[in-house]
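Participant: Below is the structure I would like to discuss, written out as structure tokens.
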Amino acid sequence: RSADQVRGLGGWPALVRLGLAAPVGADRDFLVEEVLAALDDDRRTTLLALALAGPADDATVSRVVGRPVGVADELRGVPLVSRTSDGRHDAHQLWDDALRSSFDPAVLRSLQLRAVDALIEHDQAAKAAQVALSMGDLATLDRVALATVRAHLNHVPVDTVVPWLEAAEHPGPALRVLDGLVRYTTDVRDLSADAVVCEVIDEARERGDLAPEAAAIGAASVMAHARQDLGRLLPL
């Protein structure tokens, strides 16, 4: 294989040798068979939590796992686990697919949901959305969208959130607010942005759903203020 194909193998000699000699996908199979099989359930769960939420400190990994964890001790000797410059821990991308497929679906989902909560709390929406999308869970993705609207109301990270919108065939209310903000950010004159956000306000108000209503009102206020549209701003 080419140098580009083996560059992602993390520099671990056995994986590099395997990557050079074996078909595509063999590196993952090796990880599952040779490494995961040697780990007990606690260490595998810690490694999965780190793969989902990392880079992360002990407190974050403990939150995802659901018990106190010392990552350095539990994952000592596990390949492709590293320390960042600020002292957090990280697991190489190669662990991701290998670990997810090795867990019971219910256990995996529980860990994924706790990882999303932790990532949202640490303002790591992009990674939280990646986890939600891997779950195929639009309700969880909408929670990530709501947190993103709250944190970045005045400056939505368009390049980050557009793939979320493209992946959501039937978006929830917070994703629709994000859609409105993306339209507005892309073209401040695009009045379809107002229509999208106002629709969410009306629907959320009718349901008594305060969180998306407040997010949508905030978005509508930002757009009205930027356009100096006092007639729209005052009723909000």
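Chain lettering (A, B, ...) mirrors the order of the structure tokens, residue numbering begins at 1 for each chain separately, and ligand numbering begins at 1 in order of display.
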So that I can see what lies close to stretch 68-85 of chain A, please list as a ChimeraX atom specification the residues with an atom at most 10 Å from it, counting only C-alpha atoms and leaving out residues fewer than 3 positions away in the same chain.

Facilitator: /A:9-12,15,31,35-36,38-39,42-44,46-47,50-51,55-65,88-95

Participant: Hey, can you spit out that residue selection with N, CA and C atoms as a CSV table (one decimal), in the first residue's frame?

Facilitator:
```csv
chain,number,residue,atom,x,y,z
A,9,LEU,N,-1.8,4.6,10.5
A,9,LEU,CA,-1.7,3.4,11.4
A,9,LEU,C,-1.0,3.7,12.7
A,10,GLY,N,-0.7,5.0,12.9
A,10,GLY,CA,-0.3,5.4,14.3
A,10,GLY,C,1.2,5.1,14.6
A,11,GLY,N,1.9,4.6,13.6
A,11,GLY,CA,3.3,4.3,13.9
A,11,GLY,C,3.6,3.1,14.7
A,12,TRP,N,2.6,2.3,15.1
A,12,TRP,CA,2.8,1.1,15.9
A,12,TRP,C,3.4,0.0,14.9
A,15,LEU,N,1.3,-2.8,13.3
A,15,LEU,CA,0.3,-2.3,12.4
A,15,LEU,C,0.8,-1.8,11.1
A,31,LEU,N,-6.4,-5.4,15.2
A,31,LEU,CA,-6.7,-4.7,16.5
A,31,LEU,C,-7.7,-5.5,17.3
A,35,VAL,N,-5.6,-7.3,20.1
A,35,VAL,CA,-5.5,-6.3,21.2
A,35,VAL,C,-6.8,-6.4,22.1
A,36,LEU,N,-7.9,-6.2,21.5
A,36,LEU,CA,-9.1,-6.1,22.3
A,36,LEU,C,-9.4,-7.5,23.0
A,38,ALA,N,-7.3,-9.2,24.4
A,38,ALA,CA,-6.5,-9.3,25.6
A,38,ALA,C,-6.9,-8.3,26.7
A,39,LEU,N,-7.9,-7.5,26.4
A,39,LEU,CA,-8.4,-6.5,27.4
A,39,LEU,C,-9.6,-7.0,28.1
A,42,ASP,N,-13.6,-3.9,31.7
A,42,ASP,CA,-13.4,-2.6,32.2
A,42,ASP,C,-12.4,-1.8,31.3
A,43,ARG,N,-11.3,-2.4,30.9
A,43,ARG,CA,-10.4,-1.7,30.0
A,43,ARG,C,-10.9,-1.4,28.6
A,44,ARG,N,-11.7,-2.3,28.1
A,44,ARG,CA,-12.3,-2.1,26.8
A,44,ARG,C,-13.3,-1.0,26.9
A,46,THR,N,-13.3,1.6,29.0
A,46,THR,CA,-12.5,2.8,29.1
A,46,THR,C,-11.9,3.2,27.8
A,47,LEU,N,-11.4,2.3,27.0
A,47,LEU,CA,-10.9,2.6,25.7
A,47,LEU,C,-12.0,3.1,24.8
A,50,LEU,N,-12.9,6.7,25.8
A,50,LEU,CA,-11.8,7.6,25.3
A,50,LEU,C,-12.0,7.8,23.8
A,51,ALA,N,-12.2,6.8,23.0
A,51,ALA,CA,-12.4,6.9,21.6
A,51,ALA,C,-13.6,7.8,21.3
A,55,PRO,N,-10.0,14.0,22.6
A,55,PRO,CA,-9.1,14.0,23.8
A,55,PRO,C,-9.9,14.4,25.1
A,56,ALA,N,-9.6,13.7,26.2
A,56,ALA,CA,-10.3,13.9,27.4
A,56,ALA,C,-9.5,13.6,28.6
A,57,ASP,N,-9.8,14.2,29.7
A,57,ASP,CA,-9.2,14.0,31.0
A,57,ASP,C,-9.9,12.8,31.7
A,58,ASP,N,-9.3,12.5,32.9
A,58,ASP,CA,-9.9,11.4,33.7
A,58,ASP,C,-11.3,11.6,34.0
A,59,ALA,N,-11.7,12.9,34.4
A,59,ALA,CA,-13.0,13.2,34.8
A,59,ALA,C,-14.0,12.9,33.7
A,60,THR,N,-13.7,13.4,32.5
A,60,THR,CA,-14.6,13.2,31.4
A,60,THR,C,-14.8,11.7,31.0
A,61,VAL,N,-13.7,11.0,31.0
A,61,VAL,CA,-13.8,9.5,30.7
A,61,VAL,C,-14.6,8.8,31.8
A,62,SER,N,-14.3,9.2,33.0
A,62,SER,CA,-15.1,8.6,34.2
A,62,SER,C,-16.6,8.9,34.0
A,63,ARG,N,-16.9,10.1,33.5
A,63,ARG,CA,-18.4,10.4,33.3
A,63,ARG,C,-19.0,9.5,32.3
A,64,VAL,N,-18.2,9.3,31.2
A,64,VAL,CA,-18.8,8.4,30.1
A,64,VAL,C,-18.9,7.0,30.5
A,65,VAL,N,-17.8,6.5,31.2
A,65,VAL,CA,-17.8,5.1,31.7
A,65,VAL,C,-18.9,4.8,32.8
A,88,ARG,N,-4.2,15.7,28.6
A,88,ARG,CA,-5.4,14.9,28.4
A,88,ARG,C,-4.9,13.6,27.6
A,89,HIS,N,-5.8,12.7,27.5
A,89,HIS,CA,-5.6,11.4,26.8
A,89,HIS,C,-6.3,11.4,25.5
A,90,ASP,N,-5.8,10.6,24.6
A,90,ASP,CA,-6.5,10.4,23.3
A,90,ASP,C,-6.3,9.0,22.7
A,91,ALA,N,-7.2,8.6,22.0
A,91,ALA,CA,-7.1,7.3,21.3
A,91,ALA,C,-7.2,7.5,19.8
A,92,HIS,N,-6.3,6.8,19.1
A,92,HIS,CA,-6.2,6.9,17.7
A,92,HIS,C,-7.5,6.5,17.0
A,93,GLN,N,-7.8,7.2,15.9
A,93,GLN,CA,-9.0,6.9,15.1
A,93,GLN,C,-9.2,5.4,14.8
A,94,LEU,N,-8.1,4.7,14.6
A,94,LEU,CA,-8.3,3.3,14.3
A,94,LEU,C,-9.1,2.5,15.4
A,95,TRP,N,-9.1,3.0,16.6
A,95,TRP,CA,-9.9,2.3,17.6
A,95,TRP,C,-11.4,2.4,17.4
```

Participant: Can you tell me, as JSON, numbers by chain, which residues in chain A count as alpha helix (DSSP H) by DSSP?

Facilitator: {"A": [3, 4, 5, 6, 7, 13, 14, 15, 16, 17, 18, 19, 20, 21, 26, 27, 28, 29, 30, 41, 42, 43, 44, 45, 46, 47, 48, 49, 50, 51, 52, 53, 58, 59, 60, 61, 62, 63, 64, 65, 71, 72, 73, 74, 94, 95, 96, 97, 98, 99, 100, 105, 106, 107, 108, 109, 110, 111, 112, 113, 114, 115, 116, 117, 118, 119, 120, 121, 125, 126, 127, 128, 129, 130, 131, 132, 133, 134, 135, 138, 139, 140, 141, 142, 143, 144, 145, 146, 147, 148, 149, 150, 151, 158, 159, 160, 161, 162, 163, 164, 165, 166, 167, 173, 174, 175, 176, 177, 178, 179, 180, 181, 182, 183, 184, 185, 186, 192, 193, 194, 195, 196, 197, 198, 199, 200, 201, 202, 203, 204, 205, 206, 207, 210, 211, 212, 213, 214, 215, 216, 217, 218, 219, 220, 221, 222, 223, 224, 225, 226, 230, 231, 232, 233]}

Participant: Just the selected residues (C-alpha atoms), exported as a compact mmCIF listing (two decimals), in the first residue's frame, please.

Facilitator:
```txt
# COMPACT_ATOMS: atom_id res chain seq x y z
CA ALA A 3 2.66 5.73 2.27
CA ASP A 4 -0.57 7.73 2.62
CA GLN A 5 -2.52 4.56 3.42
CA VAL A 6 -0.18 3.45 6.21
CA ARG A 7 0.37 6.93 7.64
CA PRO A 13 5.32 -1.29 14.15
CA ALA A 14 3.06 -4.34 13.97
CA LEU A 15 0.26 -2.30 12.42
CA VAL A 16 2.58 -0.63 9.93
CA ARG A 17 4.00 -3.98 8.85
CA LEU A 18 0.51 -5.41 8.55
CA GLY A 19 -0.71 -2.36 6.68
CA LEU A 20 2.07 -2.70 4.12
CA ALA A 21 1.51 -6.38 3.51
CA ALA A 26 -6.72 -6.06 7.92
CA ASP A 27 -5.33 -3.50 10.36
CA ARG A 28 -8.74 -3.20 12.02
CA ASP A 29 -9.14 -6.98 12.20
CA PHE A 30 -5.72 -7.24 13.84
CA ASP A 41 -14.34 -5.53 30.04
CA ASP A 42 -13.36 -2.55 32.20
CA ARG A 43 -10.37 -1.67 30.03
CA ARG A 44 -12.33 -2.10 26.81
CA THR A 45 -15.05 0.17 28.13
CA THR A 46 -12.50 2.80 29.15
CA LEU A 47 -10.89 2.62 25.72
CA LEU A 48 -14.26 3.01 24.00
CA ALA A 49 -15.14 5.98 26.21
CA LEU A 50 -11.85 7.63 25.30
CA ALA A 51 -12.38 6.92 21.60
CA LEU A 52 -15.82 8.53 21.80
CA ALA A 53 -14.99 11.58 23.93
CA ASP A 58 -9.88 11.37 33.65
CA ALA A 59 -13.02 13.17 34.85
CA THR A 60 -14.59 13.18 31.39
CA VAL A 61 -13.76 9.54 30.70
CA SER A 62 -15.10 8.62 34.16
CA ARG A 63 -18.36 10.38 33.34
CA VAL A 64 -18.75 8.43 30.11
CA VAL A 65 -17.81 5.09 31.69
CA VAL A 71 -6.93 6.46 32.13
CA ALA A 72 -3.14 6.21 32.31
CA ASP A 73 -3.33 3.18 34.61
CA GLU A 74 -6.20 1.39 32.90
CA LEU A 94 -8.26 3.27 14.33
CA TRP A 95 -9.86 2.29 17.64
CA ASP A 96 -13.20 3.87 16.76
CA ASP A 97 -14.77 1.39 14.35
CA ALA A 98 -13.07 -1.59 15.95
CA LEU A 99 -14.44 -0.77 19.39
CA ARG A 100 -17.96 0.17 18.38
CA PRO A 105 -25.72 -2.28 21.04
CA ALA A 106 -27.48 -1.23 24.27
CA VAL A 107 -24.18 -0.75 26.12
CA LEU A 108 -22.73 1.13 23.17
CA ARG A 109 -25.72 3.46 22.99
CA SER A 110 -25.51 4.24 26.71
CA LEU A 111 -21.84 5.13 26.39
CA GLN A 112 -22.47 7.18 23.26
CA LEU A 113 -25.21 9.22 24.92
CA ARG A 114 -23.01 9.99 27.92
CA ALA A 115 -20.18 10.92 25.56
CA VAL A 116 -22.46 13.34 23.73
CA ASP A 117 -23.46 14.95 27.04
CA ALA A 118 -19.82 15.36 28.04
CA LEU A 119 -18.81 16.74 24.65
CA ILE A 120 -21.65 19.26 24.67
CA GLU A 121 -20.61 20.39 28.14
CA ALA A 125 -20.19 20.15 19.26
CA ALA A 126 -18.47 18.85 16.13
CA LYS A 127 -17.38 15.63 17.83
CA ALA A 128 -20.72 15.30 19.66
CA ALA A 129 -22.51 15.56 16.31
CA GLN A 130 -20.16 12.95 14.85
CA VAL A 131 -21.19 10.53 17.60
CA ALA A 132 -24.89 11.34 17.14
CA LEU A 133 -24.65 10.82 13.38
CA SER A 134 -22.87 7.49 13.87
CA MET A 135 -25.83 6.46 16.03
CA LEU A 138 -31.60 12.70 14.99
CA ALA A 139 -33.05 13.52 18.42
CA THR A 140 -29.54 13.44 19.89
CA LEU A 141 -28.23 15.45 16.94
CA ASP A 142 -30.93 18.03 17.66
CA ARG A 143 -29.65 18.31 21.24
CA VAL A 144 -26.21 19.05 19.82
CA ALA A 145 -27.76 21.63 17.50
CA LEU A 146 -29.54 23.32 20.41
CA ALA A 147 -26.30 23.59 22.35
CA THR A 148 -24.60 25.01 19.26
CA VAL A 149 -27.26 27.68 18.80
CA ARG A 150 -26.94 28.69 22.46
CA ALA A 151 -23.14 28.84 22.34
CA VAL A 158 -21.32 27.20 9.03
CA ASP A 159 -18.79 24.70 7.70
CA THR A 160 -19.25 22.59 10.82
CA VAL A 161 -23.04 22.48 10.89
CA VAL A 162 -23.93 22.22 7.19
CA PRO A 163 -23.11 18.46 7.12
CA TRP A 164 -25.51 17.97 10.04
CA LEU A 165 -28.28 19.66 8.08
CA GLU A 166 -27.52 17.59 5.00
CA ALA A 167 -27.69 14.39 7.03
CA PRO A 173 -36.53 22.21 15.81
CA ALA A 174 -32.98 23.14 16.84
CA LEU A 175 -31.58 21.91 13.53
CA ARG A 176 -34.15 24.05 11.75
CA VAL A 177 -33.04 27.06 13.78
CA LEU A 178 -29.48 26.28 12.72
CA ASP A 179 -30.69 26.07 9.14
CA GLY A 180 -32.16 29.56 9.47
CA LEU A 181 -28.94 30.91 10.98
CA VAL A 182 -26.87 29.33 8.22
CA ARG A 183 -29.07 30.94 5.59
CA TYR A 184 -28.78 34.30 7.34
CA THR A 185 -25.02 33.98 7.79
CA THR A 186 -24.57 33.02 4.14
CA SER A 192 -36.29 32.59 4.06
CA ALA A 193 -34.11 32.44 7.19
CA ASP A 194 -36.73 34.43 9.08
CA ALA A 195 -39.52 32.20 7.84
CA VAL A 196 -37.74 29.05 9.03
CA VAL A 197 -37.04 30.46 12.48
CA CYS A 198 -40.51 31.96 12.93
CA GLU A 199 -42.07 28.61 12.07
CA VAL A 200 -40.05 26.98 14.85
CA ILE A 201 -41.14 29.70 17.31
CA ASP A 202 -44.82 29.16 16.51
CA GLU A 203 -44.63 25.37 16.66
CA ALA A 204 -42.57 25.29 19.86
CA ARG A 205 -44.86 27.83 21.52
CA GLU A 206 -47.89 25.74 20.61
CA ARG A 207 -46.26 22.64 22.15
CA LEU A 210 -39.46 26.31 25.89
CA ALA A 211 -35.91 25.33 24.91
CA PRO A 212 -36.28 25.43 21.10
CA GLU A 213 -38.63 28.41 21.38
CA ALA A 214 -36.01 30.39 23.29
CA ALA A 215 -33.29 29.38 20.82
CA ALA A 216 -35.45 30.40 17.87
CA ILE A 217 -36.36 33.73 19.49
CA GLY A 218 -32.67 34.38 20.07
CA ALA A 219 -31.90 33.63 16.42
CA ALA A 220 -34.76 35.83 15.20
CA SER A 221 -33.56 38.66 17.45
CA VAL A 222 -30.01 38.45 16.08
CA MET A 223 -31.28 38.61 12.51
CA ALA A 224 -33.72 41.45 13.18
CA HIS A 225 -31.14 43.48 15.08
CA ALA A 226 -28.53 43.08 12.32
CA LEU A 230 -37.37 47.19 14.80
CA GLY A 231 -40.81 46.17 13.59
CA ARG A 232 -39.73 42.54 13.78
CA LEU A 233 -37.52 42.92 16.86
```

Participant: Grab the atom CA of A:His155 to atom CA of A:Asp86 distance for me, in Å with one decimal place.

Facilitator: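 The value is 27.0 Å.
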
Participant: Could you tell me, as a list in words, which residues of stretch 9-217 of chain A DSSP assigns to strand (DSSP E) when given the backbone?

Facilitator: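 Restricting stretch 9-217 of chain A to strand (DSSP E) produces Val81, Ser82, Arg83, His89, Asp90 and Ala91 of chain A.
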
Participant: Go ahead and save the picked residues with N, CA, C and O atoms, as a tab-separated table (two decimals), in the first residue's frame.

Facilitator:
```tsv
chain	number	residue	atom	x	y	z
A	81	VAL	N	-2.70	4.87	22.08
A	81	VAL	CA	-3.27	5.77	23.09
A	81	VAL	C	-2.16	6.74	23.48
A	81	VAL	O	-1.04	6.31	23.79
A	82	SER	N	-2.46	8.03	23.45
A	82	SER	CA	-1.42	9.03	23.64
A	82	SER	C	-1.87	10.12	24.62
A	82	SER	O	-3.02	10.15	25.06
A	83	ARG	N	-0.92	11.00	24.96
A	83	ARG	CA	-1.20	12.17	25.79
A	83	ARG	C	-1.07	13.42	24.93
A	83	ARG	O	-0.16	13.54	24.11
A	89	HIS	N	-5.84	12.67	27.50
A	89	HIS	CA	-5.58	11.40	26.84
A	89	HIS	C	-6.33	11.36	25.51
A	89	HIS	O	-7.39	11.98	25.37
A	90	ASP	N	-5.81	10.58	24.57
A	90	ASP	CA	-6.49	10.44	23.28
A	90	ASP	C	-6.27	9.03	22.75
A	90	ASP	O	-5.26	8.39	23.05
A	91	ALA	N	-7.24	8.57	21.98
A	91	ALA	CA	-7.15	7.26	21.34
A	91	ALA	C	-7.16	7.47	19.83
A	91	ALA	O	-7.96	8.24	19.31
```

Participant: Which residue out of A:Ser102, A:Gln124, A:Gly136, A:Asp187 has the minimum interatomic distance to A:Ala168 when only C-alpha atoms are used?

Facilitator: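 That would be A:Gly136, the residue with the smallest distance to A:Ala168.
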